[in-house]
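**Student:** To be precise about what I am sending: the file is called entry-v8.cif and holds mmCIF, C-alpha atoms.
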data_data
loop_
_atom_site.group_PDB
_atom_site.id
_atom_site.type_symbol
_atom_site.label_atom_id
_atom_site.label_comp_id
_atom_site.auth_asym_id
_atom_site.auth_seq_id
_atom_site.Cartn_x
_atom_site.Cartn_y
_atom_site.Cartn_z
ATOM 1 C CA MET A 1 0.000 0.000 0.000
ATOM 2 C CA LEU A 2 2.873 2.363 0.811
ATOM 3 C CA ALA A 3 4.323 1.876 -2.667
ATOM 4 C CA THR A 4 0.941 2.529 -4.270
ATOM 5 C CA LEU A 5 0.507 5.773 -2.328
ATOM 6 C CA ALA A 6 4.022 6.847 -3.206
ATOM 7 C CA LEU A 7 3.609 6.074 -6.886
ATOM 8 C CA ALA A 8 0.273 7.846 -7.085
ATOM 9 C CA ALA A 9 1.611 11.013 -5.498
ATOM 10 C CA CYS A 10 4.775 11.064 -7.597
ATOM 11 C CA ASN A 11 2.706 10.883 -10.742
ATOM 12 C CA SER A 12 0.129 13.419 -9.643
ATOM 13 C CA SER A 13 -1.590 15.550 -12.244
ATOM 14 C CA GLU A 14 0.002 18.705 -10.795
ATOM 15 C CA SER A 15 1.960 20.434 -13.536
ATOM 16 C CA PRO A 16 4.703 22.627 -12.058
ATOM 17 C CA ILE A 17 7.118 24.122 -14.594
ATOM 18 C CA GLY A 18 5.226 22.525 -17.470
ATOM 19 C CA VAL A 19 5.838 18.891 -16.527
ATOM 20 C CA SER A 20 2.697 16.813 -16.874
ATOM 21 C CA LYS A 21 1.805 13.363 -15.598
ATOM 22 C CA ALA A 22 2.559 11.963 -19.048
ATOM 23 C CA ASP A 23 6.133 13.269 -18.723
ATOM 24 C CA LEU A 24 6.754 11.433 -15.452
ATOM 25 C CA PRO A 25 6.224 7.673 -15.870
ATOM 26 C CA ALA A 26 7.369 5.833 -12.763
ATOM 27 C CA ALA A 27 9.612 3.398 -14.647
ATOM 28 C CA GLN A 28 11.590 6.032 -16.570
ATOM 29 C CA GLY A 29 15.037 7.013 -15.396
ATOM 30 C CA SER A 30 17.350 5.272 -12.997
ATOM 31 C CA ALA A 31 17.609 5.437 -9.263
ATOM 32 C CA THR A 32 20.868 6.245 -7.586
ATOM 33 C CA THR A 33 19.581 4.473 -4.518
ATOM 34 C CA PRO A 34 17.127 1.582 -4.609
ATOM 35 C CA ALA A 35 13.710 2.742 -3.503
ATOM 36 C CA THR A 36 10.061 2.894 -4.141
ATOM 37 C CA PRO A 37 9.149 5.770 -6.490
ATOM 38 C CA GLY A 38 8.443 8.966 -4.556
ATOM 39 C CA THR A 39 5.393 10.950 -3.761
ATOM 40 C CA ALA A 40 4.562 14.575 -3.258
ATOM 41 C CA GLN A 41 6.955 16.920 -4.908
ATOM 42 C CA ALA A 42 9.893 18.896 -3.520
ATOM 43 C CA THR A 43 12.909 20.821 -4.727
ATOM 44 C CA ALA A 44 14.954 23.834 -3.783
ATOM 45 C CA THR A 45 15.127 26.966 -5.895
ATOM 46 C CA ALA A 46 18.279 28.927 -6.383
ATOM 47 C CA ALA A 47 17.595 32.563 -5.501
ATOM 48 C CA GLN A 48 13.929 31.812 -4.965
ATOM 49 C CA THR A 49 12.259 30.866 -1.747
ATOM 50 C CA THR A 50 11.259 27.342 -0.951
ATOM 51 C CA ALA A 51 8.384 27.358 1.428
ATOM 52 C CA GLY A 52 10.063 30.483 2.757
ATOM 53 C CA ALA A 53 13.580 28.979 2.758
ATOM 54 C CA PRO A 54 15.896 30.838 0.374
ATOM 55 C CA VAL A 55 18.475 28.876 -1.564
ATOM 56 C CA PRO A 56 21.438 31.063 -2.481
ATOM 57 C CA ALA A 57 22.754 30.968 -6.027
ATOM 58 C CA THR A 58 25.803 32.071 -7.891
ATOM 59 C CA ALA A 59 24.096 34.398 -10.348
ATOM 60 C CA GLY A 60 25.705 35.304 -13.625
ATOM 61 C CA ALA A 61 28.545 32.793 -13.325
ATOM 62 C CA ALA A 62 29.698 30.971 -16.423
ATOM 63 C CA PRO A 63 29.118 27.205 -16.679
ATOM 64 C CA THR A 64 31.961 25.044 -15.450
ATOM 65 C CA THR A 65 32.778 21.378 -15.622
ATOM 66 C CA THR A 66 30.757 19.737 -12.865
ATOM 67 C CA ALA A 67 32.034 16.200 -12.973
ATOM 68 C CA ASN A 68 34.652 14.815 -10.652
ATOM 69 C CA ALA A 69 35.292 11.743 -12.811
ATOM 70 C CA PRO A 70 38.321 11.734 -15.116
ATOM 71 C CA GLY A 71 37.496 12.390 -18.743
ATOM 72 C CA ALA A 72 34.108 13.929 -18.012
ATOM 73 C CA ALA A 73 33.653 16.816 -20.412
ATOM 74 C CA ARG A 74 30.136 17.984 -19.669
ATOM 75 C CA THR A 75 29.498 21.500 -18.471
ATOM 76 C CA ALA A 76 26.396 22.520 -16.628
ATOM 77 C CA LYS A 77 24.637 25.340 -14.863
ATOM 78 C CA LEU A 78 22.094 23.967 -12.420
ATOM 79 C CA ARG A 79 18.944 25.599 -11.111
ATOM 80 C CA PHE A 80 16.828 24.147 -8.343
ATOM 81 C CA ALA A 81 13.060 24.418 -8.838
ATOM 82 C CA PRO A 82 10.845 25.047 -5.785
ATOM 83 C CA ILE A 83 10.500 22.235 -3.260
ATOM 84 C CA VAL A 84 7.089 20.604 -3.294
ATOM 85 C CA GLY A 85 5.697 18.413 -0.534
ATOM 86 C CA ALA A 86 8.018 19.268 2.337
ATOM 87 C CA PRO A 87 7.202 21.903 4.965
ATOM 88 C CA ILE A 88 9.575 24.792 5.645
ATOM 89 C CA ALA A 89 11.107 23.046 8.664
ATOM 90 C CA ALA A 90 12.241 20.189 6.417
ATOM 91 C CA ALA A 91 12.931 22.278 3.304
ATOM 92 C CA THR A 92 15.295 24.714 5.026
ATOM 93 C CA PRO A 93 18.107 22.288 5.969
ATOM 94 C CA LEU A 94 17.657 20.524 2.618
ATOM 95 C CA SER A 95 17.982 23.778 0.669
ATOM 96 C CA GLN A 96 20.943 24.996 2.682
ATOM 97 C CA ARG A 97 22.800 21.717 2.221
ATOM 98 C CA LEU A 98 22.008 21.579 -1.532
ATOM 99 C CA SER A 99 23.453 25.050 -2.014
ATOM 100 C CA ALA A 100 26.540 24.493 0.143
ATOM 101 C CA LEU A 101 27.381 21.102 -1.348
ATOM 102 C CA ALA A 102 26.804 22.260 -4.919
ATOM 103 C CA LYS A 103 29.238 25.131 -4.388
ATOM 104 C CA GLU A 104 31.719 22.815 -2.642
ATOM 105 C CA LYS A 105 31.607 20.422 -5.614
ATOM 106 C CA GLY A 106 32.054 23.218 -8.150
ATOM 107 C CA ILE A 107 28.534 23.160 -9.543
ATOM 108 C CA VAL A 108 27.526 26.535 -10.949
ATOM 109 C CA LEU A 109 24.086 27.488 -9.648
ATOM 110 C CA GLY A 110 21.633 29.475 -11.712
ATOM 111 C CA THR A 111 18.421 31.333 -11.019
ATOM 112 C CA ALA A 112 15.015 31.212 -12.676
ATOM 113 C CA ALA A 113 15.886 34.470 -14.439
ATOM 114 C CA ASP A 114 19.014 33.022 -16.063
ATOM 115 C CA THR A 115 18.623 31.991 -19.688
ATOM 116 C CA ASP A 116 21.731 29.794 -19.765
ATOM 117 C CA ASN A 117 20.747 27.126 -17.198
ATOM 118 C CA THR A 118 21.510 23.690 -18.620
ATOM 119 C CA HIS A 119 19.678 21.642 -15.996
ATOM 120 C CA ILE A 120 16.836 22.093 -13.532
ATOM 121 C CA MET A 121 16.479 19.799 -10.532
ATOM 122 C CA LYS A 122 12.914 19.314 -9.377
ATOM 123 C CA GLY A 123 12.249 17.277 -6.257
ATOM 124 C CA TYR A 124 9.153 15.570 -4.932
ATOM 125 C CA PHE A 125 8.829 14.656 -1.262
ATOM 126 C CA SER A 126 6.420 12.792 1.000
ATOM 127 C CA ALA A 127 6.607 11.695 4.603
ATOM 128 C CA LEU A 128 4.377 8.767 5.461
ATOM 129 C CA PRO A 129 3.678 7.230 8.869
ATOM 130 C CA ASP A 130 4.838 3.612 8.829
ATOM 131 C CA GLY A 131 4.058 2.003 12.171
ATOM 132 C CA ASN A 132 6.441 3.460 14.738
ATOM 133 C CA GLN A 133 8.558 4.993 11.956
ATOM 134 C CA THR A 134 8.221 7.652 9.301
ATOM 135 C CA THR A 135 9.234 6.961 5.714
ATOM 136 C CA ILE A 136 10.457 9.886 3.640
ATOM 137 C CA ILE A 137 10.170 9.202 -0.070
ATOM 138 C CA TYR A 138 11.929 11.473 -2.509
ATOM 139 C CA VAL A 139 12.337 11.789 -6.255
ATOM 140 C CA TRP A 140 14.633 14.291 -7.968
ATOM 141 C CA ASP A 141 14.073 14.833 -11.672
ATOM 142 C CA VAL A 142 16.850 16.445 -13.679
ATOM 143 C CA LEU A 143 15.165 18.419 -16.443
ATOM 144 C CA ASP A 144 16.397 20.342 -19.440
ATOM 145 C CA PRO A 145 15.344 24.017 -19.715
ATOM 146 C CA ALA A 146 12.228 22.987 -21.669
ATOM 147 C CA GLY A 147 11.079 20.725 -18.815
ATOM 148 C CA THR A 148 11.952 17.376 -20.391
ATOM 149 C CA ARG A 149 13.152 14.863 -17.844
ATOM 150 C CA LEU A 150 16.688 13.690 -18.548
ATOM 151 C CA HIS A 151 17.427 11.700 -15.386
ATOM 152 C CA ARG A 152 15.799 10.594 -12.137
ATOM 153 C CA ILE A 153 17.313 10.164 -8.687
ATOM 154 C CA GLN A 154 15.053 8.513 -6.130
ATOM 155 C CA GLY A 155 15.156 6.946 -2.735
ATOM 156 C CA GLN A 156 13.633 6.686 0.680
ATOM 157 C CA GLU A 157 14.731 7.121 4.243
ATOM 158 C CA LYS A 158 13.191 5.768 7.439
ATOM 159 C CA VAL A 159 13.369 7.594 10.735
ATOM 160 C CA PRO A 160 12.020 6.610 14.124
ATOM 161 C CA GLY A 161 8.746 8.173 15.214
ATOM 162 C CA GLY A 162 5.402 8.718 13.619
ATOM 163 C CA GLY A 163 2.150 10.356 14.458
ATOM 164 C CA ALA A 164 -0.437 12.617 12.909
ATOM 165 C CA ASP A 165 2.249 14.859 11.354
ATOM 166 C CA PRO A 166 4.945 12.570 9.967
ATOM 167 C CA TRP A 167 7.175 15.532 9.038
ATOM 168 C CA SER A 168 7.555 16.360 12.736
ATOM 169 C CA ALA A 169 9.627 13.162 13.140
ATOM 170 C CA VAL A 170 12.084 14.056 10.354
ATOM 171 C CA PRO A 171 15.357 15.523 11.656
ATOM 172 C CA ALA A 172 17.402 18.090 9.731
ATOM 173 C CA LYS A 173 20.263 15.582 9.430
ATOM 174 C CA THR A 174 18.035 13.250 7.383
ATOM 175 C CA MET A 175 17.116 16.040 4.964
ATOM 176 C CA GLU A 176 20.785 17.021 4.665
ATOM 177 C CA GLY A 177 21.602 13.388 3.846
ATOM 178 C CA ILE A 178 18.987 13.440 1.089
ATOM 179 C CA ALA A 179 20.606 16.597 -0.304
ATOM 180 C CA ASP A 180 23.974 14.813 -0.302
ATOM 181 C CA LYS A 181 22.490 11.912 -2.282
ATOM 182 C CA ALA A 182 20.865 14.306 -4.751
ATOM 183 C CA ILE A 183 24.138 16.117 -5.478
ATOM 184 C CA GLN A 184 26.091 12.840 -5.651
ATOM 185 C CA GLY A 185 23.521 11.397 -8.044
ATOM 186 C CA TYR A 186 23.585 14.506 -10.203
ATOM 187 C CA LEU A 187 27.388 14.529 -10.400
ATOM 188 C CA ALA A 188 27.489 10.813 -11.239
ATOM 189 C CA TRP A 189 24.965 11.346 -14.021
ATOM 190 C CA VAL A 190 26.694 14.446 -15.435
ATOM 191 C CA SER A 191 30.026 12.611 -15.441
ATOM 192 C CA GLY A 192 28.488 9.790 -17.461
ATOM 193 C CA ALA A 193 28.755 7.171 -14.719
ATOM 194 C CA LYS A 194 26.257 4.310 -14.888
ATOM 195 C CA THR A 195 23.616 4.714 -12.185
#
Show me this structure written as structure tokens.
**Tutor:**
Amino acid sequence: MLATLALAACNSSESPIGVSKADLPAAQGSATTPATPGTAQATATAAQTTAGAPVPATAGAAPTTTANAPGAARTAKLRFAPIVGAPIAAATPLSQRLSALAKEKGIVLGTAADTDNTHIMKGYFSALPDGNQTTIIYVWDVLDPAGTRLHRIQGQEKVPGGGADPWSAVPAKTMEGIADKAIQGYLAWVSGAKT
């Protein structure tokens, strides 16, 4: 049942940034971590606010090589789309970690106003009570500027605790870990590594 709920939410009919349900089949793309496809939608936005949590960006910077792997010749300028599905308390540490790690790894961040972004990362999040635990399901879609999905990074995390508001059981460290996996998955994909 959990997988059905997750799949249904991930493929909702909501159409942020021009991506429709038809553009997001659950089987398309590859996961960087084995998981059930995600649910509600979440992502950070460079220089925009994410449920009130700003994500800093390096505006106006030229694209640079973003891969750490030898021989990787791709260049990219990445923009994060707004986080969907996660409340501000969860989105803030996620957004801060995405921005810090992207800069640390040499990823050039763009804004929605930039016309030279090469990729947009759009995330989808849900927290579901699962007995005495909470399961956080996430999906990150890497899109081209036209909104076509190029790659998918997905996974899930379990944390102790549950209750009426499953997000209240999710610590900042878990959201930061999800940000780490998103950046690692993006870099692996950009470098051409098999994921």
**Student:** Given the point (12.6, 12.2, 13.0) in the coordinates of this file, which residues lie within 9 Å, counting only C-alpha atoms, and how would they look as a ChimeraX atom specification?
**Tutor:** /A:133-134,158-162,166-172,174
**Student:** Could I get the residues of stretch 76-163 of chain A with an atom no further than 8 Å from an atom of stretch 184-191 of chain A, each paired with its nearest atom pair and that distance in Å to one decimal, using only C-alpha atoms, sorted by chain and residue number, as JSON lines?
**Tutor:**
{"residue": "A:Val142", "atom": "CA", "partner": "A:Tyr186", "partner_atom": "CA", "distance": 7.8}
{"residue": "A:His151", "atom": "CA", "partner": "A:Trp189", "partner_atom": "CA", "distance": 7.7}
{"residue": "A:Ile153", "atom": "CA", "partner": "A:Gly185", "partner_atom": "CA", "distance": 6.4}
**Student:** Using all atoms listed in the file, can you tell me which of A:Arg97, A:Lys181, A:Lys77, A:Arg149 comes closest to A:Lys122?
**Tutor:**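 Closest residue, counting all atoms listed in the file: A:Arg149.
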**Student:** Grab the atom CA of A:Met121 to atom CA of A:Phe80 distance for me, in Å with one decimal place.
**Tutor:** 4.9 Å
**Student:** Using only C-alpha atoms, can you tell me which of A:Leu143, A:Ile136, A:Met175, A:Ala91 comes closest to A:Asn117?
**Tutor:**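 Looking only at the distances to A:Asn117, the closest residue turns out to be A:Leu143.
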**Student:** To one decimal in Å, tell me the separation between atom CA of A:Tyr124 and atom CA of A:Ile137.
**Tutor:** 8.1 Å
**Student:** For A:Ile83, which of A:Thr135, A:Thr111, A:Ser95, A:Thr148 is the closest residue, counting only C-alpha atoms?
**Tutor:** A:Ser95
**Student:** Would you mind telling me which residue in A:Leu78, A:Thr118, A:Asp144, A:Glu157 lies nearest to A:Ala102 when using only C-alpha atoms?
**Tutor:**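 Distance minimum relative to A:Ala102 lands on A:Leu78.
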**Student:** With the PyMOL selection byres ((chain A and resi 138) around 7) as the selection, what would be picked from this file? Answer as a ChimeraX atom specification, please.
**Tutor:** /A:38-39,123-126,136-137,139-140,154-156
**Student:** Can you tell me how far atom CA of A:Thr92 sits from atom CA of A:Glu176, in Å to one decimal?
**Tutor:**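 One can read the atom CA of A:Thr92 to atom CA of A:Glu176 distance as 9.5 Å.
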**Student:** Could you tell me, as a list in words, exactly which residues end up selected when the PyMOL selection byres ((chain A and resi 116) around 12) is applied to this structure?
**Tutor:**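 This file, filtered by the PyMOL selection byres ((chain A and resi 116) around 12), leaves Ala59, Gly60, Ala61, Ala62, Pro63, Thr75, Ala76, Lys77, Leu78, Arg79, Val108, Leu109, Gly110, Thr111, Ala112, Ala113, Asp114, Thr115, Asn117, Thr118, His119, Ile120, Asp144, Pro145 and Ala146 of chain A.
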**Student:** Calculated over only C-alpha atoms, which of the candidates A:Ala179, A:Pro129, A:Gly192, A:Leu150 has the smallest distance to A:Ser99?
**Tutor:**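 The answer is A:Ala179, which sits nearest to A:Ser99.
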**Student:** Each side padded by 5 Å, which centre and which edge lengths in Å (one decimal) define the axis-aligned box around the listed atoms of stretch 150-162 of chain A? Give them as JSON.
**Tutor:**
{"center_x": 11.4, "center_y": 9.7, "center_z": -1.7, "size_x": 22.0, "size_y": 17.9, "size_z": 43.8}
**Student:** Export stretch 121-135 of chain A of the preceding structure, keeping N, CA, C and O atoms, as a PDB file, in the first residue's frame.
**Tutor:**
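Writing done, so here's result_33.pdb:
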ATOM      1  N   MET A 121      16.800  20.934 -11.395  1.00  0.00           N
ATOM      2  CA  MET A 121      16.479  19.799 -10.532  1.00  0.00           C
ATOM      3  C   MET A 121      15.184  20.092  -9.811  1.00  0.00           C
ATOM      4  O   MET A 121      15.045  21.099  -9.129  1.00  0.00           O
ATOM      5  N   LYS A 122      14.241  19.195  -9.974  1.00  0.00           N
ATOM      6  CA  LYS A 122      12.914  19.314  -9.377  1.00  0.00           C
ATOM      7  C   LYS A 122      12.720  18.118  -8.465  1.00  0.00           C
ATOM      8  O   LYS A 122      12.870  16.977  -8.898  1.00  0.00           O
ATOM      9  N   GLY A 123      12.409  18.357  -7.216  1.00  0.00           N
ATOM     10  CA  GLY A 123      12.249  17.277  -6.257  1.00  0.00           C
ATOM     11  C   GLY A 123      10.825  17.134  -5.774  1.00  0.00           C
ATOM     12  O   GLY A 123      10.062  18.091  -5.764  1.00  0.00           O
ATOM     13  N   TYR A 124      10.497  15.931  -5.380  1.00  0.00           N
ATOM     14  CA  TYR A 124       9.153  15.570  -4.932  1.00  0.00           C
ATOM     15  C   TYR A 124       9.310  14.791  -3.629  1.00  0.00           C
ATOM     16  O   TYR A 124      10.030  13.790  -3.604  1.00  0.00           O
ATOM     17  N   PHE A 125       8.658  15.264  -2.582  1.00  0.00           N
ATOM     18  CA  PHE A 125       8.829  14.656  -1.262  1.00  0.00           C
ATOM     19  C   PHE A 125       7.502  14.277  -0.619  1.00  0.00           C
ATOM     20  O   PHE A 125       6.515  14.991  -0.765  1.00  0.00           O
ATOM     21  N   SER A 126       7.528  13.183   0.130  1.00  0.00           N
ATOM     22  CA  SER A 126       6.420  12.792   1.000  1.00  0.00           C
ATOM     23  C   SER A 126       6.985  12.173   2.261  1.00  0.00           C
ATOM     24  O   SER A 126       8.023  11.519   2.217  1.00  0.00           O
ATOM     25  N   ALA A 127       6.299  12.370   3.345  1.00  0.00           N
ATOM     26  CA  ALA A 127       6.607  11.695   4.603  1.00  0.00           C
ATOM     27  C   ALA A 127       5.355  10.925   4.991  1.00  0.00           C
ATOM     28  O   ALA A 127       4.270  11.498   5.076  1.00  0.00           O
ATOM     29  N   LEU A 128       5.518   9.622   5.177  1.00  0.00           N
ATOM     30  CA  LEU A 128       4.377   8.767   5.461  1.00  0.00           C
ATOM     31  C   LEU A 128       4.583   8.031   6.769  1.00  0.00           C
ATOM     32  O   LEU A 128       5.657   7.456   6.990  1.00  0.00           O
ATOM     33  N   PRO A 129       3.550   8.022   7.640  1.00  0.00           N
ATOM     34  CA  PRO A 129       3.678   7.230   8.869  1.00  0.00           C
ATOM     35  C   PRO A 129       3.738   5.749   8.488  1.00  0.00           C
ATOM     36  O   PRO A 129       3.028   5.293   7.593  1.00  0.00           O
ATOM     37  N   ASP A 130       4.631   5.018   9.136  1.00  0.00           N
ATOM     38  CA  ASP A 130       4.838   3.612   8.829  1.00  0.00           C
ATOM     39  C   ASP A 130       5.064   2.881  10.148  1.00  0.00           C
ATOM     40  O   ASP A 130       6.203   2.616  10.534  1.00  0.00           O
ATOM     41  N   GLY A 131       3.964   2.608  10.840  1.00  0.00           N
ATOM     42  CA  GLY A 131       4.058   2.003  12.171  1.00  0.00           C
ATOM     43  C   GLY A 131       4.675   2.988  13.134  1.00  0.00           C
ATOM     44  O   GLY A 131       4.231   4.118  13.272  1.00  0.00           O
ATOM     45  N   ASN A 132       5.762   2.562  13.796  1.00  0.00           N
ATOM     46  CA  ASN A 132       6.441   3.460  14.738  1.00  0.00           C
ATOM     47  C   ASN A 132       7.593   4.212  14.069  1.00  0.00           C
ATOM     48  O   ASN A 132       8.479   4.726  14.727  1.00  0.00           O
ATOM     49  N   GLN A 133       7.549   4.280  12.739  1.00  0.00           N
ATOM     50  CA  GLN A 133       8.558   4.993  11.956  1.00  0.00           C
ATOM     51  C   GLN A 133       7.870   5.968  11.002  1.00  0.00           C
ATOM     52  O   GLN A 133       6.665   5.918  10.816  1.00  0.00           O
ATOM     53  N   THR A 134       8.681   6.794  10.388  1.00  0.00           N
ATOM     54  CA  THR A 134       8.221   7.652   9.301  1.00  0.00           C
ATOM     55  C   THR A 134       9.111   7.362   8.103  1.00  0.00           C
ATOM     56  O   THR A 134      10.333   7.291   8.240  1.00  0.00           O
ATOM     57  N   THR A 135       8.498   7.190   6.950  1.00  0.00           N
ATOM     58  CA  THR A 135       9.234   6.961   5.714  1.00  0.00           C
ATOM     59  C   THR A 135       9.186   8.232   4.880  1.00  0.00           C
ATOM     60  O   THR A 135       8.107   8.747   4.595  1.00  0.00           O
TER      61      THR A 135
END
